[in-house]
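Participant: You'll find final_15.csv just under this line, and it carries CSV, C-alpha atoms.
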chain,number,residue,atom,x,y,z
A,144,MET,CA,1.9,32.7,19.8
A,145,ASN,CA,4.3,29.8,19.4
A,146,ARG,CA,6.5,30.0,16.4
A,147,TRP,CA,6.0,27.3,13.7
A,148,PRO,CA,9.3,25.4,13.6
A,149,ASP,CA,11.3,26.3,10.5
A,150,ASP,CA,14.2,23.9,11.1
A,151,VAL,CA,12.7,20.6,11.9
A,152,SER,CA,13.6,19.2,8.5
A,153,ASP,CA,17.2,19.9,9.2
A,154,VAL,CA,16.9,17.7,12.3
A,155,PHE,CA,14.9,15.1,10.4
A,156,GLU,CA,17.8,14.8,7.9
A,157,THR,CA,19.6,12.8,10.6
A,158,GLU,CA,16.9,10.3,10.9
A,159,THR,CA,17.2,6.9,9.2
A,160,SER,CA,14.4,5.7,6.9
A,161,SER,CA,13.7,2.7,9.0
A,162,ALA,CA,13.0,2.3,12.7
A,163,THR,CA,12.4,-0.3,15.4
A,164,SER,CA,9.8,1.1,17.8
A,165,SER,CA,8.8,0.2,21.3
A,166,GLU,CA,7.0,3.4,21.8
A,167,PRO,CA,3.3,4.1,22.1
A,168,GLY,CA,1.8,4.1,18.7
A,169,GLY,CA,3.3,0.7,18.1
A,170,ASP,CA,1.0,-1.2,20.3
A,171,GLY,CA,-1.9,-1.7,18.0
A,172,GLY,CA,-4.5,-1.8,20.7
A,173,SER,CA,-8.1,-0.7,20.3
A,174,PRO,CA,-9.8,1.3,23.1
A,175,VAL,CA,-13.2,0.7,21.6
A,176,GLY,CA,-13.2,-3.0,22.0
A,177,ALA,CA,-11.2,-6.0,20.7
A,178,PRO,CA,-11.3,-7.2,17.2
A,179,PRO,CA,-12.7,-10.7,16.8
A,180,GLY,CA,-10.4,-13.1,18.6
A,181,GLY,CA,-8.2,-10.3,20.0
A,182,GLU,CA,-7.8,-8.3,23.2
A,183,ALA,CA,-8.5,-4.6,23.6
A,184,HIS,CA,-5.8,-2.2,24.6
A,185,ASP,CA,-6.3,1.1,26.3
A,186,PHE,CA,-4.6,4.2,24.9
A,187,SER,CA,-6.0,6.5,27.6
A,188,HIS,CA,-2.9,6.3,29.8
A,189,LEU,CA,-0.6,8.0,27.2
A,190,SER,CA,0.5,11.3,28.7
A,191,PRO,CA,1.2,14.6,27.1
A,192,ARG,CA,4.4,14.6,29.2
A,193,LEU,CA,6.0,12.8,26.3
A,194,ALA,CA,5.9,16.1,24.3
A,195,VAL,CA,8.9,18.4,24.2
A,196,GLY,CA,8.4,21.9,25.4
A,197,ASP,CA,8.3,25.1,23.5
A,198,SER,CA,11.9,25.8,24.2
A,199,GLU,CA,13.0,23.1,21.8
A,200,PRO,CA,12.2,24.3,18.3
A,201,ASP,CA,14.0,21.4,16.7
A,202,ARG,CA,11.2,19.1,17.6
A,203,ASN,CA,11.0,16.3,15.1
A,204,LEU,CA,7.4,16.9,14.1
A,205,ALA,CA,7.5,14.7,11.0
A,206,LEU,CA,8.5,11.6,13.0
A,207,GLU,CA,5.9,12.4,15.7
A,208,LEU,CA,3.2,12.5,13.1
A,209,VAL,CA,4.3,9.1,11.7
A,210,ARG,CA,3.9,7.6,15.2
A,211,VAL,CA,0.3,8.8,15.2
A,212,THR,CA,-0.5,7.2,11.8
A,213,GLU,CA,1.3,4.1,12.9
A,214,ALA,CA,-0.9,3.8,15.9
A,215,ALA,CA,-4.1,4.3,13.9
A,216,ALA,CA,-3.0,1.8,11.2
A,217,ILE,CA,-2.1,-0.9,13.7
A,218,ALA,CA,-5.3,-0.4,15.7
A,219,GLY,CA,-7.4,-0.5,12.6
A,220,GLY,CA,-5.4,-3.1,10.9
A,221,ALA,CA,-6.4,-5.7,13.6
A,222,TRP,CA,-9.9,-5.5,12.1
A,223,VAL,CA,-8.9,-6.1,8.4
A,224,GLY,CA,-11.2,-8.6,6.7
A,225,HIS,CA,-13.6,-8.9,9.7
A,226,GLY,CA,-16.4,-7.0,7.9
A,227,ASP,CA,-16.9,-4.4,10.6
A,228,LYS,CA,-16.3,-0.9,9.3
A,229,LEU,CA,-17.4,0.8,12.5
A,230,GLY,CA,-15.2,-1.4,14.7
A,231,ALA,CA,-12.2,-0.7,12.5
A,232,ASP,CA,-12.8,3.0,12.3
A,233,GLY,CA,-13.5,3.3,16.1
A,234,ALA,CA,-10.3,1.6,16.9
A,235,ALA,CA,-8.3,3.8,14.6
A,236,VAL,CA,-10.0,7.0,15.7
A,237,ASP,CA,-9.3,6.3,19.4
A,238,ALA,CA,-5.6,5.4,18.7
A,239,MET,CA,-5.0,8.4,16.6
A,240,ARG,CA,-6.6,10.8,19.1
A,241,ALA,CA,-4.7,9.4,22.0
A,242,LEU,CA,-1.3,9.7,20.2
A,243,LEU,CA,-2.1,13.1,18.9
A,244,GLY,CA,-2.3,14.2,22.5
A,245,THR,CA,1.4,13.4,22.9
A,246,VAL,CA,2.5,15.6,20.0
A,247,ASN,CA,4.1,19.0,20.7
A,248,LEU,CA,1.3,20.8,18.9
A,249,ASN,CA,-1.5,23.3,19.6
A,250,GLY,CA,-3.7,22.0,16.9
A,251,VAL,CA,-7.3,22.5,15.7
A,252,VAL,CA,-9.0,19.8,13.7
A,253,VAL,CA,-10.1,21.5,10.4
A,254,ILE,CA,-10.7,18.3,8.4
A,255,GLY,CA,-12.0,15.7,10.8
A,256,GLU,CA,-14.3,12.7,11.0
A,257,GLY,CA,-17.0,15.3,11.1
A,258,GLU,CA,-20.7,15.4,10.4
A,259,LYS,CA,-20.4,13.1,7.4
A,260,ASP,CA,-19.3,10.3,9.6
A,261,GLU,CA,-21.3,11.3,12.6
A,262,ALA,CA,-18.1,11.0,14.7
A,263,PRO,CA,-17.9,11.9,18.4
A,264,MET,CA,-14.2,12.3,18.3
A,265,LEU,CA,-11.7,14.1,16.0
A,266,PHE,CA,-14.5,16.3,15.0
A,267,ASN,CA,-14.1,19.6,13.2
A,268,GLY,CA,-13.0,22.3,15.7
A,269,GLU,CA,-11.6,19.8,18.3
A,270,ARG,CA,-8.3,20.8,20.0
A,271,VAL,CA,-5.6,18.2,19.6
A,272,GLY,CA,-1.9,18.0,20.5
A,273,SER,CA,-0.2,18.7,23.8
A,274,GLY,CA,-1.3,22.3,23.6
A,275,SER,CA,2.2,23.6,24.1
A,276,GLY,CA,3.6,23.7,20.6
A,277,PRO,CA,3.0,25.7,17.4
A,278,GLU,CA,-0.5,26.6,16.4
A,279,ALA,CA,-1.7,24.4,13.5
A,280,ASP,CA,-4.5,23.2,11.3
A,281,VAL,CA,-4.9,19.5,11.5
A,282,ALA,CA,-6.5,17.2,8.9
A,283,VAL,CA,-7.2,13.6,10.1
A,284,ASP,CA,-8.4,10.5,8.4
A,285,PRO,CA,-7.8,7.5,10.8
A,286,ILE,CA,-8.8,5.2,8.0
A,287,ASP,CA,-9.1,6.4,4.5
A,288,GLY,CA,-11.0,3.4,3.2
A,289,THR,CA,-13.0,1.9,6.0
A,290,ARG,CA,-14.8,-0.5,3.6
A,291,LEU,CA,-11.4,-1.5,2.2
A,292,THR,CA,-10.3,-2.4,5.7
A,293,ALA,CA,-13.5,-4.3,6.6
A,294,LEU,CA,-13.4,-6.3,3.4
A,295,GLY,CA,-9.6,-6.8,3.2
A,296,TYR,CA,-9.1,-4.9,0.0
A,297,ASN,CA,-6.1,-2.9,-1.0
A,298,ASN,CA,-5.2,0.8,-0.5
A,299,ALA,CA,-6.5,1.5,3.0
A,300,LEU,CA,-4.4,4.1,4.8
A,301,ALA,CA,-4.2,6.0,8.1
A,302,VAL,CA,-3.6,9.6,7.2
A,303,LEU,CA,-2.7,12.8,9.0
A,304,ALA,CA,-1.8,16.3,7.7
A,305,VAL,CA,-0.7,19.4,9.5
A,306,ALA,CA,-0.2,23.0,8.3
A,307,GLU,CA,0.2,26.4,9.8
A,308,ARG,CA,-2.9,27.7,11.6
A,309,GLY,CA,-5.5,29.2,9.3
A,310,THR,CA,-4.1,27.8,6.0
A,311,MET,CA,-6.3,24.8,5.2
A,312,PHE,CA,-9.5,25.4,3.2
A,313,ASP,CA,-12.7,25.0,5.1
A,314,PRO,CA,-15.2,23.1,2.9
A,315,SER,CA,-18.1,24.3,5.1
A,316,ALA,CA,-20.1,21.0,5.1
A,317,VAL,CA,-19.8,20.5,1.3
A,318,PHE,CA,-18.7,16.9,1.4
A,319,TYR,CA,-17.7,16.3,-2.2
A,320,MET,CA,-15.7,18.0,-4.9
A,321,ASP,CA,-14.8,17.3,-8.6
A,322,LYS,CA,-11.0,16.6,-8.7
A,323,LEU,CA,-8.2,16.5,-11.2
A,324,VAL,CA,-4.8,15.4,-9.9
A,325,THR,CA,-1.6,14.9,-12.0
A,326,GLY,CA,2.1,15.2,-11.7
A,327,PRO,CA,4.6,18.1,-12.2
A,328,GLU,CA,5.0,17.5,-15.9
A,329,ALA,CA,1.5,18.6,-16.7
A,330,ALA,CA,0.7,20.7,-13.7
A,331,GLU,CA,0.7,24.0,-15.7
A,332,MET,CA,-1.2,22.6,-18.6
A,333,VAL,CA,-4.4,21.0,-17.2
A,334,ASP,CA,-7.6,22.8,-16.3
A,335,LEU,CA,-10.6,21.1,-14.7
A,336,ARG,CA,-12.9,23.3,-16.9
A,337,LEU,CA,-11.6,21.7,-20.1
A,338,PRO,CA,-13.2,18.6,-21.7
A,339,VAL,CA,-11.8,15.3,-20.4
A,340,LYS,CA,-10.4,14.4,-23.8
A,341,GLN,CA,-8.5,17.7,-24.0
A,342,ASN,CA,-6.9,17.3,-20.6
A,343,LEU,CA,-5.9,13.8,-21.4
A,344,HIS,CA,-4.2,14.9,-24.6
A,345,LEU,CA,-2.4,17.7,-22.7
A,346,ILE,CA,-1.2,15.2,-20.0
A,347,ALA,CA,0.0,12.7,-22.6
A,348,LYS,CA,1.9,15.4,-24.4
A,349,ALA,CA,3.5,16.6,-21.2
A,350,LYS,CA,4.6,13.1,-20.2
A,351,GLY,CA,5.8,12.1,-23.7
A,352,LYS,CA,3.3,9.3,-23.9
A,353,ARG,CA,0.6,8.2,-26.4
A,354,ILE,CA,-2.8,8.7,-25.0
A,355,ASN,CA,-3.5,5.0,-25.0
A,356,GLN,CA,-0.7,4.6,-22.5
A,357,LEU,CA,-2.3,6.9,-19.9
A,358,ASN,CA,-3.8,5.3,-16.8
A,359,VAL,CA,-6.6,7.3,-15.3
A,360,CYS,CA,-7.5,6.6,-11.7
A,361,VAL,CA,-11.3,6.8,-11.0
A,362,LEU,CA,-13.4,5.9,-8.0
A,363,ASP,CA,-15.8,3.0,-9.0
A,364,ARG,CA,-19.1,4.8,-8.6
A,365,PRO,CA,-22.3,5.0,-10.7
A,366,ARG,CA,-21.9,8.8,-10.9
A,367,HIS,CA,-18.7,8.3,-13.0
A,368,ALA,CA,-20.3,6.3,-15.8
A,369,GLY,CA,-20.2,9.3,-18.1
A,370,LEU,CA,-16.6,10.2,-17.1
A,371,VAL,CA,-15.5,6.7,-17.8
A,372,GLU,CA,-17.1,6.7,-21.2
A,373,GLU,CA,-15.3,10.0,-22.1
A,374,ILE,CA,-11.9,8.6,-20.9
A,375,ARG,CA,-12.3,5.5,-23.0
A,376,GLU,CA,-13.5,7.4,-26.0
A,377,ALA,CA,-10.4,9.5,-25.7
A,378,GLY,CA,-8.3,6.3,-25.9
A,379,ALA,CA,-7.0,6.3,-22.3
A,380,ARG,CA,-7.2,3.4,-19.9
A,381,THR,CA,-9.2,3.4,-16.6
A,382,ARG,CA,-7.9,2.2,-13.4
A,383,PHE,CA,-10.7,1.8,-10.8
A,384,ILE,CA,-10.4,2.1,-7.1
A,385,MET,CA,-13.2,1.1,-4.7
A,386,ASP,CA,-12.5,3.8,-2.1
A,387,GLY,CA,-9.6,5.9,-0.7
A,388,ASP,CA,-8.8,8.4,-3.3
A,389,VAL,CA,-6.0,10.0,-1.2
A,390,ALA,CA,-3.7,7.1,-2.2
A,391,GLY,CA,-4.9,7.4,-5.8
A,392,GLY,CA,-4.3,11.2,-5.9
A,393,ILE,CA,-0.8,10.9,-4.5
A,394,ALA,CA,0.0,8.1,-6.9
A,395,ALA,CA,-1.1,10.3,-9.8
A,396,ALA,CA,1.3,13.1,-8.6
A,397,ARG,CA,4.3,11.0,-7.8
A,398,GLU,CA,7.1,10.4,-10.2
A,399,GLY,CA,7.5,6.7,-11.2
A,400,SER,CA,3.9,5.8,-10.5
A,401,ASP,CA,1.9,4.0,-13.1
A,402,VAL,CA,-1.0,6.3,-12.4
A,403,ASP,CA,-1.0,9.4,-14.7
A,404,VAL,CA,-4.0,11.2,-13.5
A,405,LEU,CA,-6.9,11.0,-11.1
A,406,MET,CA,-10.3,12.3,-12.2
A,407,GLY,CA,-13.8,12.3,-10.8
A,408,THR,CA,-15.8,13.4,-7.8
A,409,GLY,CA,-14.6,12.4,-4.3
A,410,GLY,CA,-14.5,13.6,-0.8
A,411,THR,CA,-13.6,17.3,-0.1
A,412,PRO,CA,-11.7,16.4,3.1
A,413,GLU,CA,-9.6,13.9,1.1
A,414,GLY,CA,-8.9,16.5,-1.5
A,415,ILE,CA,-7.4,18.9,1.1
A,416,VAL,CA,-5.3,16.1,2.7
A,417,THR,CA,-4.1,15.2,-0.8
A,418,ALA,CA,-3.2,18.9,-1.4
A,419,CYS,CA,-0.8,18.8,1.6
A,420,ALA,CA,1.0,15.9,0.1
A,421,ILE,CA,1.1,17.5,-3.4
A,422,ARG,CA,2.7,20.5,-1.8
A,423,ALA,CA,5.7,18.3,-1.1
A,424,VAL,CA,5.9,16.0,-4.1
A,425,GLY,CA,4.9,18.6,-6.8
A,426,GLY,CA,2.1,18.3,-9.3
A,427,VAL,CA,-1.3,19.8,-9.0
A,428,ILE,CA,-4.7,19.1,-7.6
A,429,GLN,CA,-7.6,21.1,-8.9
A,430,GLY,CA,-11.0,20.9,-7.2
A,431,ARG,CA,-14.5,22.3,-7.6
A,432,LEU,CA,-17.1,22.0,-4.8
A,433,ALA,CA,-19.9,19.6,-5.8
A,434,PRO,CA,-22.9,20.1,-3.5
A,435,THR,CA,-25.2,17.0,-3.4
A,436,ASP,CA,-28.3,18.9,-2.5
A,437,ASP,CA,-29.8,22.3,-1.9
A,438,ALA,CA,-28.8,22.3,1.8
A,439,GLU,CA,-25.1,21.8,0.9
A,440,ARG,CA,-25.4,24.5,-1.8
A,441,GLN,CA,-26.8,26.9,0.7
A,442,ALA,CA,-24.1,26.0,3.2
A,443,ALA,CA,-21.5,26.8,0.6
A,444,ALA,CA,-23.2,30.1,-0.2
A,445,ASP,CA,-23.4,31.1,3.5
A,446,ALA,CA,-19.7,30.5,3.8
A,447,GLY,CA,-19.0,32.7,0.9
A,448,HIS,CA,-17.9,29.9,-1.5
A,449,ASP,CA,-18.4,30.0,-5.2
A,450,VAL,CA,-19.2,26.5,-6.2
A,451,GLU,CA,-18.2,27.2,-9.8
A,452,ARG,CA,-14.7,28.3,-8.9
A,453,VAL,CA,-11.8,25.9,-9.6
A,454,LEU,CA,-9.7,25.6,-6.5
A,455,THR,CA,-5.9,25.0,-6.9
A,456,THR,CA,-3.4,23.3,-4.7
A,457,GLU,CA,-2.5,26.7,-3.2
A,458,ASP,CA,-6.2,27.4,-2.5
A,459,LEU,CA,-6.7,24.2,-0.6
A,460,VAL,CA,-3.6,24.7,1.5
A,461,THR,CA,-2.1,28.2,1.4
A,462,SER,CA,0.9,27.4,3.5
A,463,ASP,CA,4.1,26.0,2.0
A,464,ASN,CA,5.1,24.6,5.4
A,465,CYS,CA,2.9,21.6,5.9
A,466,TYR,CA,3.3,17.9,6.7
A,467,PHE,CA,1.7,14.8,5.4
A,468,ALA,CA,2.0,11.4,7.0
A,469,ALA,CA,0.4,8.1,6.1
A,470,THR,CA,0.7,4.5,7.2
A,471,GLY,CA,-0.5,1.5,5.2
A,472,ILE,CA,-3.3,-0.6,6.7
A,473,THR,CA,-3.7,-2.9,3.8
A,474,ASP,CA,-1.4,-3.4,0.8
A,475,GLY,CA,-1.7,-0.8,-1.9
A,476,ASP,CA,-0.1,1.3,-4.6
A,477,LEU,CA,1.4,3.7,-2.1
A,478,LEU,CA,2.3,1.6,0.9
A,479,ARG,CA,2.5,-1.9,2.2
A,480,GLY,CA,-0.1,-2.9,4.9
A,481,VAL,CA,0.4,-3.8,8.5
A,482,ARG,CA,2.1,-7.2,9.1
A,483,TYR,CA,1.8,-9.2,12.3
A,484,HIS,CA,4.5,-11.6,13.3
A,485,GLY,CA,4.2,-13.0,16.8
A,486,ASP,CA,5.0,-10.2,19.2
A,487,THR,CA,6.2,-7.9,16.4
A,488,VAL,CA,4.1,-5.6,14.2
A,489,HIS,CA,5.6,-4.3,11.0
A,490,THR,CA,4.4,-1.0,9.4
A,491,GLN,CA,5.4,1.0,6.3
A,492,SER,CA,4.7,4.7,6.3
A,493,ILE,CA,5.4,7.8,4.2
A,494,VAL,CA,6.1,11.3,5.6
A,495,MET,CA,6.5,14.5,3.6
A,496,ARG,CA,7.3,18.1,4.3
A,497,SER,CA,6.4,20.7,1.7
A,498,LYS,CA,8.9,23.3,2.7
A,499,SER,CA,11.9,21.1,2.1
A,500,GLY,CA,10.2,18.9,-0.5
A,501,THR,CA,11.4,15.8,1.4
A,502,VAL,CA,9.6,12.5,1.1
A,503,ARG,CA,10.6,9.6,3.2
A,504,THR,CA,9.4,6.0,3.5
A,505,VAL,CA,9.6,4.7,7.1
A,506,GLU,CA,9.8,1.0,7.9
A,507,ALA,CA,9.1,0.2,11.5
A,508,GLU,CA,9.0,-2.8,13.9
A,509,HIS,CA,6.9,-2.4,17.0
A,510,GLN,CA,7.5,-4.7,19.9
A,511,ALA,CA,4.3,-5.2,21.9
A,512,ARG,CA,6.0,-6.5,25.1
A,513,LYS,CA,7.7,-3.1,25.6
A,514,TRP,CA,4.6,-0.8,25.4
A,515,GLU,CA,3.8,-0.7,29.1
A,516,ALA,CA,7.4,-0.3,30.2
A,517,TYR,CA,7.8,2.7,27.9
A,518,THR,CA,4.6,4.4,29.0
A,519,ARG,CA,5.5,4.1,32.7
A,520,ARG,CA,8.6,6.2,32.2
Translate the structure of the given file into structure tokens.

Facilitator:
Amino acid sequence: MNRWPDDVSDVFETETSSATSSEPGGDGGSPVGAPPGGEAHDFSHLSPRLAVGDSEPDRNLALELVRVTEAAAIAGGAWVGHGDKLGADGAAVDAMRALLGTVNLNGVVVIGEGEKDEAPMLFNGERVGSGSGPEADVAVDPIDGTRLTALGYNNALAVLAVAERGTMFDPSAVFYMDKLVTGPEAAEMVDLRLPVKQNLHLIAKAKGKRINQLNVCVLDRPRHAGLVEEIREAGARTRFIMDGDVAGGIAAAREGSDVDVLMGTGGTPEGIVTACAIRAVGGVIQGRLAPTDDAERQAAADAGHDVERVLTTEDLVTSDNCYFAATGITDGDLLRGVRYHGDTVHTQSIVMRSKSGTVRTVEAEHQARKWEAYTRR
């Protein structure tokens, strides 16, 4: 078994927080067809030969993962505002999958596009990476917020998380969970089983705020009508998001954000991805599986899951050596979206590693005219 690299963060310390890229992953092509008015690009020629061998344990895995999310963001970003969710998602999926093949990783997709999205690629159980690196669980979301992308709304991201093999929670086809996410100050005080008002008072006390100063991030869904009423009755403020609660969850955990807590029912895969980020930034995510029908409830029981159990950050990702990378597709609370300027594409990404607690923002410029020259090397 290949050893999971312990020292990549030391190497990454030498990296700058901005980059000008002419590498694959900066080309923004879509292998599933061109966006309206655009030309398709084929990612299939990208070769695993770009990966570094097992003899080089100082592989800069964090930066490699950013290249993957950059590729997905640029490919999906070309579809922003065109009203085509499937076209955007297909472009991002193909780009992410192709670039993952160049990463020195022997990965298995644990959280993928999956049954919920009826996806033919990046499905749960698919092998990804060059196959020659450390064994890992991989969670992918080529576009967290396909509707946001299609309609041109804020907070769409391309997201990728990696952890040591066997350490990510397997939701076993239960697509949704109740969630509570907040930052380090209140991490030891909140409990998903408590009434909403009590949790909000505990968070306000921990943060040194009045409860009417708290911003509570909630997905704008009819199922949250009761939750929203409880939040407002407690005196806190609601901040609605249309989709994409990965960005909302990370904002709730990060210091300096104007989001104090995320509450409500959202995707289980997104919860596990968020847990990888929280492992790095601190704070807590608590989740409880929320089956939508008897079939999901039975699937949970068959897998040995107790749907009444509150899952902690450490339950969702048991390893403290995991990575989270995201690139903005549209502007949002966490990251700026993709910008196109002639032959140059600008991206903004964030990359985190839990073991070192390092969080970096990566600004990159990608020069389209150099793609083919690089891949012919």

Participant: Between range 205-244 of chain A and range 268-279 of chain A, at 9 Å or less, what are the per-residue closest atom pairs and their distances in Å? Count only C-alpha atoms, order by chain and rising residue number, and return it as JSON lines.

Facilitator:
{"residue": "A:Arg240", "atom": "CA", "partner": "A:Val271", "partner_atom": "CA", "distance": 7.5}
{"residue": "A:Leu242", "atom": "CA", "partner": "A:Gly272", "partner_atom": "CA", "distance": 8.3}
{"residue": "A:Leu243", "atom": "CA", "partner": "A:Gly272", "partner_atom": "CA", "distance": 5.2}
{"residue": "A:Gly244", "atom": "CA", "partner": "A:Gly272", "partner_atom": "CA", "distance": 4.3}

Participant: Under the rule of at most 12 Å, produce a per-residue listing of range 398-431 of chain A near range 314-322 of chain A: chain, number, name, the closest pair of atoms, and the distance in Å, as a tab-separated table, using only C-alpha atoms.

Facilitator:
residue	atom	partner	partner_atom	distance
A:Val404	CA	A:Lys322	CA	10.1
A:Leu405	CA	A:Lys322	CA	7.3
A:Met406	CA	A:Lys322	CA	5.6
A:Gly407	CA	A:Lys322	CA	5.5
A:Thr408	CA	A:Asp321	CA	4.1
A:Gly409	CA	A:Tyr319	CA	5.4
A:Gly410	CA	A:Tyr319	CA	4.4
A:Thr411	CA	A:Tyr319	CA	4.7
A:Pro412	CA	A:Phe318	CA	7.2
A:Glu413	CA	A:Tyr319	CA	9.1
A:Gly414	CA	A:Lys322	CA	7.5
A:Ile415	CA	A:Pro314	CA	9.0
A:Thr417	CA	A:Lys322	CA	10.6
A:Ala418	CA	A:Lys322	CA	10.9
A:Val427	CA	A:Lys322	CA	10.2
A:Ile428	CA	A:Lys322	CA	6.9
A:Gln429	CA	A:Lys322	CA	5.6
A:Gly430	CA	A:Lys322	CA	4.6
A:Arg431	CA	A:Asp321	CA	5.1

Participant: Got a sec: who's within 10 Å of Asp474 in chain A, counting all atoms listed in the file, leaving out chain neighbours fewer than 3 positions off, as a PyMOL selection string?

Facilitator: chain A and resi 295-300+471+477-482+491

Participant: For the residues selected in the previous step, produce a file with C-alpha atoms as a PDB file, keeping the file's coordinate frame.

Facilitator:
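Generated file (result-v6.pdb):
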ATOM      1  CA  GLY A 295      -9.600  -6.800   3.200  1.00  0.00           C
ATOM      2  CA  TYR A 296      -9.100  -4.900   0.000  1.00  0.00           C
ATOM      3  CA  ASN A 297      -6.100  -2.900  -1.000  1.00  0.00           C
ATOM      4  CA  ASN A 298      -5.200   0.800  -0.500  1.00  0.00           C
ATOM      5  CA  ALA A 299      -6.500   1.500   3.000  1.00  0.00           C
ATOM      6  CA  LEU A 300      -4.400   4.100   4.800  1.00  0.00           C
ATOM      7  CA  GLY A 471      -0.500   1.500   5.200  1.00  0.00           C
ATOM      8  CA  LEU A 477       1.400   3.700  -2.100  1.00  0.00           C
ATOM      9  CA  LEU A 478       2.300   1.600   0.900  1.00  0.00           C
ATOM     10  CA  ARG A 479       2.500  -1.900   2.200  1.00  0.00           C
ATOM     11  CA  GLY A 480      -0.100  -2.900   4.900  1.00  0.00           C
ATOM     12  CA  VAL A 481       0.400  -3.800   8.500  1.00  0.00           C
ATOM     13  CA  ARG A 482       2.100  -7.200   9.100  1.00  0.00           C
ATOM     14  CA  GLN A 491       5.400   1.000   6.300  1.00  0.00           C
TER      15      GLN A 491
END

Participant: Quote the spacing between CA of Thr289 in chain A and CA of Lys228 in chain A in Å to one decimal place.

Facilitator: 5.4 Å

Participant: Using all atoms listed in the file, which of the listed residues (A:Ile393, A:Arg382, A:Ser462, A:Leu335) sits closest to Asp280 in chain A?

Facilitator: A:Ser462

Participant: Let me make sure I understand: among A:Gly255, A:Gly219, A:Gly309, A:Pro365, which one has the smallest atom-to-atom distance to Ala293 in chain A if we use all atoms listed in the file?

Facilitator: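 When distances to Ala293 in chain A are compared using all atoms listed in the file, the smallest one comes from A:Gly219.
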
Participant: Would you write out, as a tab-separated table, a table of all residues in range 224-289 of chain A that have an atom no more than 12 Å from an atom of range 419-424 of chain A, listing for each the closest atom pair and the distance in Å to one decimal, considering only C-alpha atoms and ordering rows by chain and rising residue number?

Facilitator:
residue	atom	partner	partner_atom	distance
A:Asp280	CA	A:Cys419	CA	11.3
A:Val281	CA	A:Cys419	CA	10.7
A:Ala282	CA	A:Cys419	CA	9.4
A:Val283	CA	A:Cys419	CA	11.8

Participant: Any idea what's packed within 7 Å of Leu345 in chain A, counting all atoms listed in the file, ignoring anything in its chain fewer than 4 positions away? Could you give it as a PyMOL selection string?

Facilitator: chain A and resi 332-333+341+349

Participant: Could you list, as an MDAnalysis selection string, every residue within 12 Å of Glu307 in chain A, counting all atoms listed in the file and ignoring same-chain residues fewer than 3 positions away?

Facilitator: chainID A and resid 144:149 248:253 276:282 304 310:312 419 460:466 497:498

Participant: In Å to one decimal, how far is CA of Ala396 in chain A from CA of Arg210 in chain A?

Facilitator: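 Spanning CA of Arg210 in chain A to CA of Ala396 in chain A is a straight-line distance of 24.6 Å.
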
Participant: Nearest residue to Ala347 in chain A out of A:Ala442, A:Ile217, A:Leu208, A:Ala377, using all atoms listed in the file?

Facilitator: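 The answer is A:Ala377, which sits nearest to Ala347 in chain A.
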
Participant: Which residue out of A:Val371, A:Cys360, A:Ala234, A:Ala216 has the minimum interatomic distance to Met385 in chain A when only C-alpha atoms are used?

Facilitator: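 So, comparing all the options, the nearest one is A:Cys360.
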
Participant: Suppose you want the space between CA of Pro285 in chain A and CA of Asp232 in chain A; what is it in Å?

Facilitator: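 Taking CA of Pro285 in chain A as the start and CA of Asp232 in chain A as the end point, the length is 6.9 Å.
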
Participant: Pick the closest to Leu265 in chain A from A:Gly233, A:Gly220, A:Gly369, A:Gly500: which is it, counting only C-alpha atoms?

Facilitator: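 Smallest distance to Leu265 in chain A is found for A:Gly233.
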
Participant: Which residue is closest to Arg353 in chain A? Choose from A:Gly378, A:Gly326, A:Lys340, A:Ala469 and count only C-alpha atoms.

Facilitator: A:Gly378
